[in-house]
Structures are given as structure tokens and as C-alpha cells.
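Asks: Just one file: structure.pdb, with PDB, N, CA and C atoms.
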```
MODEL        1
ATOM      1  N   MET D  96     164.053-125.994 -22.777
ATOM      2  CA  MET D  96     164.354-125.368 -21.505
ATOM      3  C   MET D  96     164.678-123.892 -21.729
ATOM      4  N   ASP D  97     163.899-123.033 -21.101
ATOM      5  CA  ASP D  97     164.143-121.591 -21.181
ATOM      6  C   ASP D  97     165.075-121.179 -20.058
ATOM      7  N   VAL D  98     166.197-120.580 -20.437
ATOM      8  CA  VAL D  98     167.158-120.116 -19.446
ATOM      9  C   VAL D  98     166.895-118.641 -19.176
ATOM     10  N   ASP D  99     166.847-118.271 -17.919
ATOM     11  CA  ASP D  99     166.636-116.878 -17.538
ATOM     12  C   ASP D  99     167.949-116.123 -17.697
ATOM     13  N   ILE D 100     167.965-115.194 -18.637
ATOM     14  CA  ILE D 100     169.188-114.421 -18.888
ATOM     15  C   ILE D 100     169.105-113.008 -18.310
ATOM     16  N   SER D 101     168.078-112.738 -17.529
ATOM     17  CA  SER D 101     167.878-111.374 -17.034
ATOM     18  C   SER D 101     169.077-110.845 -16.261
ATOM     19  N   HIS D 102     169.757-111.706 -15.511
ATOM     20  CA  HIS D 102     170.942-111.273 -14.774
ATOM     21  C   HIS D 102     172.046-110.845 -15.747
ATOM     22  N   PHE D 103     172.258-111.634 -16.794
ATOM     23  CA  PHE D 103     173.289-111.301 -17.785
ATOM     24  C   PHE D 103     172.930-110.000 -18.504
ATOM     25  N   GLU D 104     171.659-109.885 -18.865
ATOM     26  CA  GLU D 104     171.208-108.676 -19.547
ATOM     27  C   GLU D 104     171.393-107.445 -18.664
ATOM     28  N   SER D 105     171.088-107.597 -17.398
ATOM     29  CA  SER D 105     171.232-106.506 -16.442
ATOM     30  C   SER D 105     172.689-106.055 -16.347
ATOM     31  N   GLU D 106     173.592-107.007 -16.258
ATOM     32  CA  GLU D 106     175.022-106.690 -16.178
ATOM     33  C   GLU D 106     175.506-105.997 -17.448
ATOM     34  N   MET D 107     175.079-106.501 -18.592
ATOM     35  CA  MET D 107     175.486-105.892 -19.864
ATOM     36  C   MET D 107     174.941-104.471 -19.983
ATOM     37  N   ASN D 108     173.679-104.294 -19.593
ATOM     38  CA  ASN D 108     173.055-102.975 -19.689
ATOM     39  C   ASN D 108     173.720-101.952 -18.780
ATOM     40  N   ARG D 109     174.183-102.392 -17.624
ATOM     41  CA  ARG D 109     174.819-101.466 -16.679
ATOM     42  C   ARG D 109     176.041-100.794 -17.326
ATOM     43  N   GLY D 110     176.909-101.587 -17.917
ATOM     44  CA  GLY D 110     178.091-101.023 -18.569
ATOM     45  C   GLY D 110     177.734-100.213 -19.801
ATOM     46  N   PHE D 111     176.781-100.737 -20.579
ATOM     47  CA  PHE D 111     176.375-100.047 -21.802
ATOM     48  C   PHE D 111     175.799 -98.674 -21.498
ATOM     49  N   LEU D 112     174.964 -98.593 -20.466
ATOM     50  CA  LEU D 112     174.336 -97.313 -20.121
ATOM     51  C   LEU D 112     175.371 -96.275 -19.720
ATOM     52  N   GLN D 113     176.407 -96.686 -19.027
ATOM     53  CA  GLN D 113     177.455 -95.737 -18.640
ATOM     54  C   GLN D 113     178.113 -95.134 -19.882
ATOM     55  N   VAL D 114     178.452 -95.972 -20.834
ATOM     56  CA  VAL D 114     179.069 -95.482 -22.074
ATOM     57  C   VAL D 114     178.074 -94.618 -22.845
ATOM     58  N   LEU D 115     176.848 -95.091 -22.934
ATOM     59  CA  LEU D 115     175.815 -94.363 -23.669
ATOM     60  C   LEU D 115     175.632 -92.949 -23.118
ATOM     61  N   VAL D 116     175.575 -92.826 -21.807
ATOM     62  CA  VAL D 116     175.398 -91.505 -21.179
ATOM     63  C   VAL D 116     176.602 -90.614 -21.460
ATOM     64  N   LEU D 117     177.799 -91.157 -21.351
ATOM     65  CA  LEU D 117     178.997 -90.343 -21.613
ATOM     66  C   LEU D 117     179.048 -89.876 -23.065
ATOM     67  N   VAL D 118     178.551 -90.687 -23.978
ATOM     68  CA  VAL D 118     178.496 -90.276 -25.386
ATOM     69  C   VAL D 118     177.401 -89.225 -25.582
ATOM     70  N   ALA D 119     176.242 -89.468 -25.010
ATOM     71  CA  ALA D 119     175.104 -88.552 -25.189
ATOM     72  C   ALA D 119     175.379 -87.169 -24.618
ATOM     73  N   LEU D 120     176.165 -87.105 -23.548
ATOM     74  CA  LEU D 120     176.366 -85.820 -22.872
ATOM     75  C   LEU D 120     177.403 -84.925 -23.540
ATOM     76  N   GLU D 121     177.779 -85.241 -24.753
ATOM     77  CA  GLU D 121     178.594 -84.293 -25.522
ATOM     78  C   GLU D 121     177.812 -82.989 -25.655
ATOM     79  N   LYS D 122     176.492 -83.141 -25.694
ATOM     80  CA  LYS D 122     175.591 -81.992 -25.688
ATOM     81  C   LYS D 122     174.855 -82.030 -24.353
ATOM     82  N   ALA D 123     174.822 -80.926 -23.638
ATOM     83  CA  ALA D 123     174.171 -80.882 -22.326
ATOM     84  C   ALA D 123     172.700 -81.276 -22.447
ATOM     85  N   MET D 124     172.268 -82.104 -21.504
ATOM     86  CA  MET D 124     170.886 -82.578 -21.491
ATOM     87  C   MET D 124     170.419 -82.745 -20.059
ATOM     88  N   TYR D 125     169.126 -82.688 -19.864
ATOM     89  CA  TYR D 125     168.573 -83.034 -18.558
ATOM     90  C   TYR D 125     168.115 -84.494 -18.623
ATOM     91  N   GLY D 126     167.913 -85.088 -17.466
ATOM     92  CA  GLY D 126     167.656 -86.524 -17.390
ATOM     93  C   GLY D 126     166.509 -87.014 -18.240
ATOM     94  N   TYR D 127     165.354 -86.360 -18.134
ATOM     95  CA  TYR D 127     164.186 -86.799 -18.886
ATOM     96  C   TYR D 127     164.440 -86.715 -20.388
ATOM     97  N   MET D 128     165.200 -85.716 -20.801
ATOM     98  CA  MET D 128     165.555 -85.560 -22.210
ATOM     99  C   MET D 128     166.374 -86.767 -22.683
ATOM    100  N   MET D 129     167.306 -87.224 -21.836
ATOM    101  CA  MET D 129     168.101 -88.405 -22.171
ATOM    102  C   MET D 129     167.219 -89.636 -22.301
ATOM    103  N   ILE D 130     166.316 -89.804 -21.338
ATOM    104  CA  ILE D 130     165.425 -90.964 -21.356
ATOM    105  C   ILE D 130     164.631 -90.997 -22.656
ATOM    106  N   LYS D 131     164.069 -89.876 -23.054
ATOM    107  CA  LYS D 131     163.280 -89.805 -24.288
ATOM    108  C   LYS D 131     164.151 -90.030 -25.525
ATOM    109  N   ARG D 132     165.355 -89.493 -25.510
ATOM    110  CA  ARG D 132     166.259 -89.680 -26.658
ATOM    111  C   ARG D 132     166.633 -91.154 -26.804
ATOM    112  N   PHE D 133     166.927 -91.805 -25.700
ATOM    113  CA  PHE D 133     167.273 -93.224 -25.737
ATOM    114  C   PHE D 133     166.075 -94.054 -26.187
ATOM    115  N   GLU D 134     164.873 -93.697 -25.704
ATOM    116  CA  GLU D 134     163.664 -94.417 -26.109
ATOM    117  C   GLU D 134     163.458 -94.341 -27.613
ATOM    118  N   LYS D 135     163.696 -93.157 -28.202
ATOM    119  CA  LYS D 135     163.561 -92.991 -29.660
ATOM    120  C   LYS D 135     164.481 -93.946 -30.403
ATOM    121  N   MET D 136     165.612 -94.271 -29.792
ATOM    122  CA  MET D 136     166.590 -95.171 -30.407
ATOM    123  C   MET D 136     166.296 -96.636 -30.099
ATOM    124  N   GLY D 137     165.249 -96.871 -29.299
ATOM    125  CA  GLY D 137     164.880 -98.240 -28.976
ATOM    126  C   GLY D 137     165.501 -98.784 -27.708
ATOM    127  N   TYR D 138     166.085 -97.908 -26.893
ATOM    128  CA  TYR D 138     166.711 -98.339 -25.647
ATOM    129  C   TYR D 138     165.940 -97.729 -24.477
ATOM    130  N   ILE D 139     165.294 -98.582 -23.706
ATOM    131  CA  ILE D 139     164.451 -98.116 -22.603
ATOM    132  C   ILE D 139     165.278 -98.029 -21.320
ATOM    133  N   VAL D 140     165.245 -96.858 -20.699
ATOM    134  CA  VAL D 140     165.946 -96.627 -19.439
ATOM    135  C   VAL D 140     164.945 -96.044 -18.451
ATOM    136  N   GLU D 141     164.922 -96.617 -17.275
ATOM    137  CA  GLU D 141     164.021 -96.101 -16.247
ATOM    138  C   GLU D 141     164.712 -94.993 -15.455
ATOM    139  N   GLU D 142     163.909 -94.076 -14.948
ATOM    140  CA  GLU D 142     164.444 -92.963 -14.162
ATOM    141  C   GLU D 142     165.237 -93.460 -12.963
ATOM    142  N   ASN D 143     164.734 -94.504 -12.305
ATOM    143  CA  ASN D 143     165.424 -95.001 -11.106
ATOM    144  C   ASN D 143     166.721 -95.718 -11.435
ATOM    145  N   THR D 144     167.025 -95.869 -12.702
ATOM    146  CA  THR D 144     168.323 -96.391 -13.144
ATOM    147  C   THR D 144     169.230 -95.241 -13.577
ATOM    148  N   LEU D 145     168.675 -94.302 -14.319
ATOM    149  CA  LEU D 145     169.478 -93.214 -14.878
ATOM    150  C   LEU D 145     169.972 -92.227 -13.823
ATOM    151  N   TYR D 146     169.086 -91.764 -12.954
ATOM    152  CA  TYR D 146     169.486 -90.699 -12.027
ATOM    153  C   TYR D 146     170.572 -91.117 -11.031
ATOM    154  N   PRO D 147     170.528 -92.326 -10.484
ATOM    155  CA  PRO D 147     171.659 -92.738  -9.632
ATOM    156  C   PRO D 147     172.974 -92.814 -10.417
ATOM    157  N   LEU D 148     172.897 -93.242 -11.679
ATOM    158  CA  LEU D 148     174.102 -93.286 -12.517
ATOM    159  C   LEU D 148     174.636 -91.871 -12.733
ATOM    160  N   LEU D 149     173.762 -90.925 -13.019
ATOM    161  CA  LEU D 149     174.203 -89.537 -13.215
ATOM    162  C   LEU D 149     174.876 -89.000 -11.944
ATOM    163  N   ARG D 150     174.319 -89.324 -10.796
ATOM    164  CA  ARG D 150     174.934 -88.875  -9.528
ATOM    165  C   ARG D 150     176.319 -89.509  -9.342
ATOM    166  N   ARG D 151     176.457 -90.793  -9.674
ATOM    167  CA  ARG D 151     177.767 -91.454  -9.548
ATOM    168  C   ARG D 151     178.789 -90.854 -10.511
ATOM    169  N   LEU D 152     178.380 -90.603 -11.731
ATOM    170  CA  LEU D 152     179.294 -90.002 -12.711
ATOM    171  C   LEU D 152     179.719 -88.606 -12.271
ATOM    172  N   GLU D 153     178.784 -87.873 -11.688
ATOM    173  CA  GLU D 153     179.112 -86.534 -11.197
ATOM    174  C   GLU D 153     180.041 -86.626  -9.985
ATOM    175  N   LYS D 154     179.765 -87.544  -9.083
ATOM    176  CA  LYS D 154     180.610 -87.736  -7.903
ATOM    177  C   LYS D 154     182.042 -88.098  -8.303
ATOM    178  N   ASN D 155     182.178 -88.827  -9.412
ATOM    179  CA  ASN D 155     183.501 -89.225  -9.905
ATOM    180  C   ASN D 155     184.126 -88.188 -10.836
ATOM    181  N   SER D 156     183.526 -87.011 -10.900
ATOM    182  CA  SER D 156     184.032 -85.873 -11.685
ATOM    183  C   SER D 156     184.148 -86.164 -13.178
ATOM    184  N   LEU D 157     183.224 -86.976 -13.691
ATOM    185  CA  LEU D 157     183.198 -87.252 -15.127
ATOM    186  C   LEU D 157     182.181 -86.365 -15.836
ATOM    187  N   ILE D 158     181.161 -85.946 -15.099
ATOM    188  CA  ILE D 158     180.158 -85.021 -15.628
ATOM    189  C   ILE D 158     179.884 -83.958 -14.569
ATOM    190  N   GLU D 159     179.207 -82.895 -14.996
ATOM    191  CA  GLU D 159     178.787 -81.863 -14.054
ATOM    192  C   GLU D 159     177.332 -81.531 -14.328
ATOM    193  N   SER D 160     176.699 -80.916 -13.374
ATOM    194  CA  SER D 160     175.310 -80.517 -13.563
ATOM    195  C   SER D 160     175.145 -79.042 -13.217
ATOM    196  N   LYS D 161     174.184 -78.436 -13.894
ATOM    197  CA  LYS D 161     173.839 -77.039 -13.644
ATOM    198  C   LYS D 161     172.333 -76.896 -13.777
ATOM    199  N   TRP D 162     171.748 -76.147 -12.852
ATOM    200  CA  TRP D 162     170.313 -75.907 -12.897
ATOM    201  C   TRP D 162     169.996 -74.781 -13.863
ATOM    202  N   ASP D 163     168.973 -74.978 -14.676
ATOM    203  CA  ASP D 163     168.433 -73.925 -15.532
ATOM    204  C   ASP D 163     167.076 -73.555 -14.942
ATOM    205  N   VAL D 164     166.999 -72.358 -14.408
ATOM    206  CA  VAL D 164     165.760 -71.911 -13.771
ATOM    207  C   VAL D 164     165.052 -70.843 -14.610
ATOM    208  N   SER D 165     165.432 -70.746 -15.869
ATOM    209  CA  SER D 165     164.856 -69.713 -16.731
ATOM    210  C   SER D 165     163.432 -70.047 -17.174
ATOM    211  N   GLU D 166     163.040 -71.286 -17.082
ATOM    212  CA  GLU D 166     161.691 -71.679 -17.477
ATOM    213  C   GLU D 166     160.828 -71.903 -16.238
ATOM    214  N   ARG D 167     159.576 -72.188 -16.475
ATOM    215  CA  ARG D 167     158.622 -72.399 -15.382
ATOM    216  C   ARG D 167     159.067 -73.528 -14.466
ATOM    217  N   ARG D 168     159.545 -74.614 -15.062
ATOM    218  CA  ARG D 168     160.033 -75.755 -14.267
ATOM    219  C   ARG D 168     161.554 -75.808 -14.364
ATOM    220  N   PRO D 169     162.256 -75.702 -13.269
ATOM    221  CA  PRO D 169     163.717 -75.799 -13.296
ATOM    222  C   PRO D 169     164.159 -77.171 -13.809
ATOM    223  N   LYS D 170     165.254 -77.182 -14.552
ATOM    224  CA  LYS D 170     165.789 -78.423 -15.101
ATOM    225  C   LYS D 170     167.274 -78.508 -14.782
ATOM    226  N   LYS D 171     167.698 -79.695 -14.406
ATOM    227  CA  LYS D 171     169.102 -79.919 -14.095
ATOM    228  C   LYS D 171     169.778 -80.504 -15.341
ATOM    229  N   TYR D 172     170.639 -79.710 -15.949
ATOM    230  CA  TYR D 172     171.344 -80.132 -17.149
ATOM    231  C   TYR D 172     172.683 -80.754 -16.779
ATOM    232  N   TYR D 173     173.008 -81.829 -17.461
ATOM    233  CA  TYR D 173     174.272 -82.527 -17.254
ATOM    234  C   TYR D 173     175.125 -82.371 -18.495
ATOM    235  N   SER D 174     176.439 -82.243 -18.287
ATOM    236  CA  SER D 174     177.372 -82.200 -19.416
ATOM    237  C   SER D 174     178.660 -82.909 -19.016
ATOM    238  N   ILE D 175     179.343 -83.401 -20.015
ATOM    239  CA  ILE D 175     180.557 -84.169 -19.782
ATOM    240  C   ILE D 175     181.741 -83.233 -19.523
ATOM    241  N   LEU D 176     182.619 -83.642 -18.634
ATOM    242  CA  LEU D 176     183.835 -82.891 -18.323
ATOM    243  C   LEU D 176     185.026 -83.490 -19.065
ATOM    244  N   LYS D 177     186.155 -82.820 -18.999
ATOM    245  CA  LYS D 177     187.368 -83.271 -19.681
ATOM    246  C   LYS D 177     187.738 -84.704 -19.284
ATOM    247  N   GLU D 178     187.706 -84.985 -17.986
ATOM    248  CA  GLU D 178     188.036 -86.342 -17.516
ATOM    249  C   GLU D 178     187.005 -87.352 -18.026
ATOM    250  N   GLY D 179     185.757 -86.940 -18.112
ATOM    251  CA  GLY D 179     184.707 -87.803 -18.654
ATOM    252  C   GLY D 179     184.954 -88.129 -20.113
ATOM    253  N   LYS D 180     185.438 -87.147 -20.861
ATOM    254  CA  LYS D 180     185.756 -87.386 -22.279
ATOM    255  C   LYS D 180     186.907 -88.367 -22.415
ATOM    256  N   ALA D 181     187.883 -88.260 -21.535
ATOM    257  CA  ALA D 181     189.017 -89.193 -21.563
ATOM    258  C   ALA D 181     188.548 -90.610 -21.237
ATOM    259  N   VAL D 182     187.712 -90.739 -20.213
ATOM    260  CA  VAL D 182     187.168 -92.052 -19.841
ATOM    261  C   VAL D 182     186.311 -92.593 -20.977
ATOM    262  N   ARG D 183     185.478 -91.740 -21.546
ATOM    263  CA  ARG D 183     184.628 -92.147 -22.675
ATOM    264  C   ARG D 183     185.467 -92.680 -23.823
ATOM    265  N   SER D 184     186.524 -91.986 -24.134
ATOM    266  CA  SER D 184     187.399 -92.409 -25.224
ATOM    267  C   SER D 184     187.993 -93.788 -24.956
ATOM    268  N   ARG D 185     188.458 -94.004 -23.735
ATOM    269  CA  ARG D 185     189.029 -95.318 -23.380
ATOM    270  C   ARG D 185     187.966 -96.405 -23.416
ATOM    271  N   LEU D 186     186.783 -96.102 -22.903
ATOM    272  CA  LEU D 186     185.700 -97.092 -22.900
ATOM    273  C   LEU D 186     185.266 -97.451 -24.319
ATOM    274  N   LEU D 187     185.185 -96.460 -25.200
ATOM    275  CA  LEU D 187     184.803 -96.737 -26.583
ATOM    276  C   LEU D 187     185.861 -97.571 -27.293
ATOM    277  N   LYS D 188     187.117 -97.351 -26.944
ATOM    278  CA  LYS D 188     188.187 -98.173 -27.529
ATOM    279  C   LYS D 188     188.054 -99.619 -27.052
ATOM    280  N   ILE D 189     187.818 -99.805 -25.760
ATOM    281  CA  ILE D 189     187.620-101.154 -25.212
ATOM    282  C   ILE D 189     186.420-101.808 -25.890
ATOM    283  N   TRP D 190     185.317-101.052 -25.992
ATOM    284  CA  TRP D 190     184.099-101.564 -26.612
ATOM    285  C   TRP D 190     184.380-102.021 -28.046
ATOM    286  N   SER D 191     185.098-101.202 -28.788
ATOM    287  CA  SER D 191     185.425-101.518 -30.175
ATOM    288  C   SER D 191     186.271-102.791 -30.273
ATOM    289  N   GLU D 192     187.264-102.913 -29.403
ATOM    290  CA  GLU D 192     188.119-104.109 -29.413
ATOM    291  C   GLU D 192     187.312-105.351 -29.050
ATOM    292  N   GLN D 193     186.457-105.240 -28.059
ATOM    293  CA  GLN D 193     185.631-106.386 -27.665
ATOM    294  C   GLN D 193     184.678-106.776 -28.795
ATOM    295  N   ASP D 194     184.124-105.780 -29.468
ATOM    296  CA  ASP D 194     183.215-106.035 -30.579
ATOM    297  C   ASP D 194     183.936-106.778 -31.714
ATOM    298  N   LYS D 195     185.163-106.358 -32.013
ATOM    299  CA  LYS D 195     185.949-107.037 -33.060
ATOM    300  C   LYS D 195     186.189-108.495 -32.695
ATOM    301  N   ILE D 196     186.582-108.736 -31.453
ATOM    302  CA  ILE D 196     186.865-110.101 -30.999
ATOM    303  C   ILE D 196     185.601-110.956 -31.064
ATOM    304  N   LEU D 197     184.504-110.425 -30.567
ATOM    305  CA  LEU D 197     183.247-111.169 -30.566
ATOM    306  C   LEU D 197     182.791-111.492 -31.981
ATOM    307  N   ASN D 198     182.862-110.514 -32.869
ATOM    308  CA  ASN D 198     182.456-110.737 -34.259
ATOM    309  C   ASN D 198     183.376-111.735 -34.955
ATOM    310  N   LYS D 199     184.649-111.655 -34.674
ATOM    311  CA  LYS D 199     185.616-112.598 -35.271
ATOM    312  C   LYS D 199     185.310-114.023 -34.808
ATOM    313  N   LEU D 200     185.083-114.174 -33.509
ATOM    314  CA  LEU D 200     184.776-115.501 -32.971
ATOM    315  C   LEU D 200     183.444-116.033 -33.533
ATOM    316  N   ALA D 201     182.445-115.182 -33.589
ATOM    317  CA  ALA D 201     181.141-115.574 -34.126
ATOM    318  C   ALA D 201     181.271-116.012 -35.581
ATOM    319  N   LYS D 202     182.087-115.303 -36.339
ATOM    320  CA  LYS D 202     182.317-115.646 -37.750
ATOM    321  C   LYS D 202     183.019-116.981 -37.869
ATOM    322  N   GLU D 203     184.022-117.221 -37.014
ATOM    323  CA  GLU D 203     184.734-118.509 -37.026
ATOM    324  C   GLU D 203     183.796-119.655 -36.698
ATOM    325  N   ILE D 204     182.954-119.460 -35.689
ATOM    326  CA  ILE D 204     182.016-120.506 -35.272
ATOM    327  C   ILE D 204     181.019-120.780 -36.389
ATOM    328  N   LYS D 205     180.568-119.731 -37.057
ATOM    329  CA  LYS D 205     179.607-119.876 -38.160
ATOM    330  C   LYS D 205     180.199-120.689 -39.306
ATOM    331  N   ASN D 206     181.491-120.533 -39.526
ATOM    332  CA  ASN D 206     182.172-121.208 -40.636
ATOM    333  C   ASN D 206     182.612-122.623 -40.307
ATOM    334  N   VAL D 207     182.384-123.073 -39.077
ATOM    335  CA  VAL D 207     182.810-124.426 -38.684
ATOM    336  C   VAL D 207     181.777-125.428 -39.106
TER     337      VAL D 207
ENDMDL
END
```
Mind turning this structure into C-alpha cells?

Replies:
Amino acid sequence: MDVDISHFESEMNRGFLQVLVLVALEKAMYGYMMIKRFEKMGYIVEENTLYPLLRRLEKNSLIESKWDVSERRPKKYYSILKEGKAVRSRLLKIWSEQDKILNKLAKEIKNV
């Protein structure tokens, strides 16, 4: 019996992408640049997923955007703000603690 886990995967990816973006934006980037960088790492993100997330993060004052019009095609660069760094730090701590617990439990189950 094949169980459809797409809902679980979707939920996990939603939280992961938020952390991933906050980590990536230590260096200012435009959206397409982020998508390509994530793809190089093996993580596929669609534009219709990333851009709404960037707008929400900006609305919550965790990141900011600035247009660069110096080139032929204007690009909207995003960078993390002080509050975003604080949130990122807390999220990474939570992630680390959850990872330790999960690995510990997996190890215990393996040894049973």
C-alpha cells in the first residue's frame, strides 16, 4: 500500500523554506538568484511559492527589498533585517533541538 505523503512533505517544506530563505539572505539576492542557488543544492522551489513568502517576510519586517535599476533589467534584491536575524537564530535553534531529538529517537529505535 502506497501512502500519499505529499501533504506532509508540503507542510515540512513550508517551514524549511522560511528558514532557508532567512539563512540565504545574509547576502542580498533577488528571487531568481535564490531559486537557482537552491536548485544547485538540490532543493527545487517554484516562483509561485518563493515570491509570496518573500512578500510575507517583508510584510512582517524580517526582510527588506530594494530595486537595482543599474542594469538593463531591474532586479528586486532582498536582504535580511535585524529582526529577521533574531528570528532566524531562534528558528535555527529550534531546528537543531528537533534534529537532536529525532536522531536520538531514530537511534534508539534502530537499536531495539

Asks: Report as a list in words the residues that result from applying the PyMOL selection byres (((chain D and resi 146 and name CA) around 12) and name CA) to the structure here.

Replies: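 Applying the expression gives Leu112, Gln113, Val116, Tyr125, Gly126, Tyr127, Met129, Ile130, Val140, Glu141, Glu142, Asn143, Thr144, Leu145, Pro147, Leu148, Leu149, Arg150, Arg151, Leu152, Glu153, Ser160, Lys171, Tyr172 and Tyr173 of chain D.
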
Asks: Enter the distance from CA of Val182 (chain D) to CA of Arg132 (chain D), in Å, rounded to one decimal.

Replies: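 So the answer is 22.1 Å.
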
Asks: Can you work out the spacing between CA of Ile175 (chain D) and CA of Lys154 (chain D) in Å, to one decimal?

Replies: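 Separation of CA of Ile175 (chain D) and CA of Lys154 (chain D): 12.4 Å.
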
Asks: Would you work out the distance separating CA of Ile158 (chain D) from atom N of Ser105 (chain D), expressed in Å to one decimal?

Replies: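 Computing the Euclidean distance for CA of Ile158 (chain D) and atom N of Ser105 (chain D) yields 24.4 Å.
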
Asks: As a list in words, please: every residue in region 128-161 of chain D that DSSP puts in alpha helix (DSSP H).

Replies: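 Restricting region 128-161 of chain D to alpha helix (DSSP H) produces Met128, Met129, Ile130, Lys131, Arg132, Phe133, Glu134, Lys135, Glu142, Asn143, Thr144, Leu145, Tyr146, Pro147, Leu148, Leu149, Arg150, Arg151, Leu152, Glu153 and Lys154 of chain D.
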
Asks: Near Trp190 (chain D), within 12 Å and counting only C-alpha atoms, which residues show up once chain neighbours fewer than 6 positions away are dropped, as a PyMOL selection string?

Replies: chain D and resi 107+110-111+113-115+183-184+196-197

Asks: Any idea what's packed within 9 Å of region 176-180 of chain D, counting only C-alpha atoms, ignoring anything in its chain fewer than 6 positions away? Could you give it as a list of chain:residue names?

Replies: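 The contact residues come out as D:Leu117, D:Val118, D:Glu121, D:Leu152, D:Asn155, D:Ser156, D:Leu157, D:Ile158, D:Glu159.
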
Asks: Give me the box for region 100-118 of chain D as AutoDock Vina command-line options, namely the centre and edge lengths in Å to one decimal of a box along x, y and z that holds every listed atom plus 3 Å on each side.

Replies:
```
--center_x 173.5 --center_y -102.2 --center_z -20.2 --size_x 17.2 --size_y 32.0 --size_z 16.8
```

Asks: Taking the structure I provided as the source, export region 148-166 of chain D with N, CA and C atoms, as a CSV table (one decimal), in the first residue's frame.

Replies:
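Printed below is selection_28.csv as written:
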```csv
chain,number,residue,atom,x,y,z
D,148,LEU,N,6.2,34.1,-0.3
D,148,LEU,CA,6.9,34.0,1.0
D,148,LEU,C,7.7,35.3,1.2
D,149,LEU,N,8.4,35.7,0.2
D,149,LEU,CA,9.3,36.9,0.3
D,149,LEU,C,8.4,38.1,0.7
D,150,ARG,N,7.2,38.2,0.1
D,150,ARG,CA,6.3,39.3,0.5
D,150,ARG,C,5.8,39.2,1.9
D,151,ARG,N,5.5,38.0,2.4
D,151,ARG,CA,5.1,37.8,3.8
D,151,ARG,C,6.3,38.2,4.7
D,152,LEU,N,7.5,37.8,4.4
D,152,LEU,CA,8.6,38.1,5.3
D,152,LEU,C,8.9,39.6,5.3
D,153,GLU,N,8.7,40.2,4.2
D,153,GLU,CA,8.9,41.7,4.1
D,153,GLU,C,7.8,42.4,4.9
D,154,LYS,N,6.5,41.9,4.8
D,154,LYS,CA,5.4,42.5,5.5
D,154,LYS,C,5.6,42.4,7.0
D,155,ASN,N,6.2,41.3,7.4
D,155,ASN,CA,6.5,41.1,8.9
D,155,ASN,C,7.8,41.7,9.3
D,156,SER,N,8.4,42.5,8.5
D,156,SER,CA,9.6,43.3,8.8
D,156,SER,C,10.8,42.4,9.2
D,157,LEU,N,10.9,41.2,8.5
D,157,LEU,CA,12.0,40.3,8.7
D,157,LEU,C,13.1,40.5,7.6
D,158,ILE,N,12.6,41.0,6.4
D,158,ILE,CA,13.5,41.3,5.3
D,158,ILE,C,13.0,42.6,4.7
D,159,GLU,N,13.9,43.1,3.8
D,159,GLU,CA,13.6,44.3,3.1
D,159,GLU,C,13.9,44.1,1.6
D,160,SER,N,13.4,44.9,0.8
D,160,SER,CA,13.7,44.8,-0.6
D,160,SER,C,14.1,46.2,-1.2
D,161,LYS,N,15.0,46.1,-2.2
D,161,LYS,CA,15.4,47.3,-2.8
D,161,LYS,C,15.6,47.0,-4.3
D,162,TRP,N,15.1,47.9,-5.2
D,162,TRP,CA,15.3,47.7,-6.6
D,162,TRP,C,16.6,48.2,-7.0
D,163,ASP,N,17.3,47.4,-7.9
D,163,ASP,CA,18.5,47.8,-8.6
D,163,ASP,C,18.1,48.0,-10.0
D,164,VAL,N,18.2,49.3,-10.4
D,164,VAL,CA,17.9,49.6,-11.8
D,164,VAL,C,19.1,50.0,-12.6
D,165,SER,N,20.3,49.6,-12.2
D,165,SER,CA,21.5,49.9,-12.8
D,165,SER,C,21.7,49.1,-14.1
D,166,GLU,N,21.1,48.0,-14.2
D,166,GLU,CA,21.2,47.1,-15.4
D,166,GLU,C,20.0,47.2,-16.3
```
